[in-house]
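Student: Sharing coords35.cif here; it has mmCIF, C-alpha atoms.
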data_input
#
loop_
_atom_site.label_atom_id
_atom_site.label_comp_id
_atom_site.auth_asym_id
_atom_site.auth_seq_id
_atom_site.Cartn_x
_atom_site.Cartn_y
_atom_site.Cartn_z
CA MET A 133 -14.23 5.58 -8.88
CA VAL A 134 -12.68 2.29 -7.82
CA SER A 135 -14.49 -0.16 -5.61
CA GLY A 136 -13.24 -3.34 -4.07
CA GLU A 137 -9.68 -4.58 -4.20
CA VAL A 138 -6.66 -2.99 -5.83
CA ARG A 139 -3.14 -4.41 -6.17
CA ILE A 140 -0.20 -2.03 -6.56
CA ASP A 141 3.19 -3.36 -7.60
CA ALA A 142 5.58 -0.72 -6.30
CA ARG A 143 8.76 -2.80 -6.44
CA GLY A 144 11.67 -0.65 -7.47
CA MET A 145 9.86 2.57 -6.54
CA LEU A 146 11.40 4.75 -3.87
CA CYS A 147 9.23 6.48 -1.31
CA PRO A 148 7.14 8.51 -1.44
CA TRP A 149 5.80 6.83 -4.63
CA PRO A 150 4.35 3.67 -3.02
CA ALA A 151 2.58 5.87 -0.45
CA VAL A 152 1.33 8.26 -3.14
CA ARG A 153 -0.13 5.38 -5.14
CA LEU A 154 -1.78 3.94 -2.00
CA ALA A 155 -3.28 7.31 -1.10
CA ARG A 156 -4.64 7.69 -4.62
CA ALA A 157 -6.27 4.23 -4.55
CA LEU A 158 -7.91 4.97 -1.19
CA ARG A 159 -9.04 8.40 -2.34
CA VAL A 160 -10.89 6.97 -5.35
CA GLY A 161 -12.74 4.42 -3.25
CA ALA A 162 -10.71 1.22 -2.93
CA THR A 163 -11.71 -0.73 0.17
CA ARG A 164 -8.76 -3.13 0.21
CA VAL A 165 -5.35 -2.41 -1.29
CA GLU A 166 -2.38 -4.76 -1.54
CA VAL A 167 0.92 -2.96 -2.05
CA ILE A 168 4.03 -4.92 -2.98
CA ALA A 169 6.99 -2.74 -2.04
CA ASP A 170 10.70 -3.22 -1.49
CA ASP A 171 11.77 0.25 -0.37
CA PRO A 172 13.04 0.19 3.24
CA GLN A 173 10.92 3.29 4.05
CA ALA A 174 7.70 1.70 2.76
CA PRO A 175 6.46 0.31 6.11
CA THR A 176 6.62 3.73 7.76
CA GLU A 177 5.21 5.67 4.81
CA LEU A 178 2.38 3.22 4.06
CA ALA A 179 1.41 3.01 7.74
CA ALA A 180 1.12 6.80 7.87
CA VAL A 181 -1.17 6.83 4.82
CA ALA A 182 -3.30 4.04 6.28
CA ALA A 183 -3.60 5.86 9.61
CA SER A 184 -4.64 9.10 7.93
CA ALA A 185 -7.37 7.19 6.05
CA ASN A 186 -8.53 5.46 9.25
CA ALA A 187 -7.59 2.11 7.69
CA THR A 188 -5.80 -0.91 9.08
CA ILE A 189 -2.50 -2.18 7.69
CA GLU A 190 -1.09 -5.69 7.82
CA ILE A 191 2.40 -6.61 6.64
CA VAL A 192 2.82 -10.02 5.00
CA LEU A 193 6.40 -11.08 4.42
CA ASP A 194 7.21 -13.64 1.76
CA VAL A 195 10.58 -14.88 0.57
CA SER A 196 11.47 -11.84 -1.54
CA ASN A 197 8.89 -9.11 -0.97
CA SER A 198 6.83 -7.33 1.61
CA ILE A 199 3.13 -7.14 0.90
CA PHE A 200 1.19 -4.46 2.73
CA VAL A 201 -2.56 -5.08 2.99
CA VAL A 202 -4.53 -1.93 3.75
CA THR A 203 -8.22 -2.33 4.57
CA CYS A 204 -10.72 0.47 5.10
CA ARG A 205 -12.83 0.21 8.19
#
Output the structure of this file as structure tokens.

Tutor:
Amino acid sequence: MVSGEVRIDARGMLCPWPAVRLARALRVGATRVEVIADDPQAPTELAAVAASANATIEIVLDVSNSIFVVTCR
């Protein structure tokens, strides 16, 4: 079981893999997950996983990556 924060570096992974890794982290008990992803489908896929887990999602854009912060309510 994982508790607390988890960071997933999913750069270079095509969907559904970033979403699968997020779902796994939430399933084992993570309360806050940061996912770094560069797949164009990641925002849609990660938002769907967050919604199904009743979690919030925030997208932070930096110069080269998107960071998706998913927090359980």

Student: Got a sec: who's within 8 Å of A:Thr163, counting only C-alpha atoms, leaving out chain neighbours fewer than 6 positions off, as a list in words?

Tutor: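 Near A:Thr163, the qualifying residues are Ser135, Gly136, Glu137, Thr203 and Cys204 of chain A.
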
Student: Skipping near chain neighbours, those fewer than 2 positions away, what residues fall within 10 Å of A:Ala179 using all atoms listed in the file, listed as a PyMOL selection string?

Tutor: chain A and resi 151+174-177+181-185+187-191+200+202

Student: List as a ChimeraX atom specification the protein and nucleic acid residues near A:Asp170, meaning an atom at most 12 Å away when all atoms listed in the file are counted, but skip any in the same chain fewer than 3 places from it.

Tutor: /A:141-147,149-150,167,173-175,178,193-200

Student: Create the file for the chosen residues now, containing C-alpha atoms and written as a compact mmCIF listing (two decimals), keeping the file's coordinate frame.

Tutor:
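To be explicit, this is the file written out as out21.txt:
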# COMPACT_ATOMS: atom_id res chain seq x y z
CA ASP A 141 3.19 -3.36 -7.60
CA ALA A 142 5.58 -0.72 -6.30
CA ARG A 143 8.76 -2.80 -6.44
CA GLY A 144 11.67 -0.65 -7.47
CA MET A 145 9.86 2.57 -6.54
CA LEU A 146 11.40 4.75 -3.87
CA CYS A 147 9.23 6.48 -1.31
CA TRP A 149 5.80 6.83 -4.63
CA PRO A 150 4.35 3.67 -3.02
CA VAL A 167 0.92 -2.96 -2.05
CA GLN A 173 10.92 3.29 4.05
CA ALA A 174 7.70 1.70 2.76
CA PRO A 175 6.46 0.31 6.11
CA LEU A 178 2.38 3.22 4.06
CA LEU A 193 6.40 -11.08 4.42
CA ASP A 194 7.21 -13.64 1.76
CA VAL A 195 10.58 -14.88 0.57
CA SER A 196 11.47 -11.84 -1.54
CA ASN A 197 8.89 -9.11 -0.97
CA SER A 198 6.83 -7.33 1.61
CA ILE A 199 3.13 -7.14 0.90
CA PHE A 200 1.19 -4.46 2.73

Student: Nearest to A:Val201: which of A:Asn186, A:Pro148, A:Val138, A:Arg159 is it, counting only C-alpha atoms?

Tutor: A:Val138

Student: What residues come out when you apply the PyMOL selection byres ((chain A and resi 157) around 10) to this file, written as a PyMOL selection string?

Tutor: chain A and resi 133-135+137-140+151-156+158-165
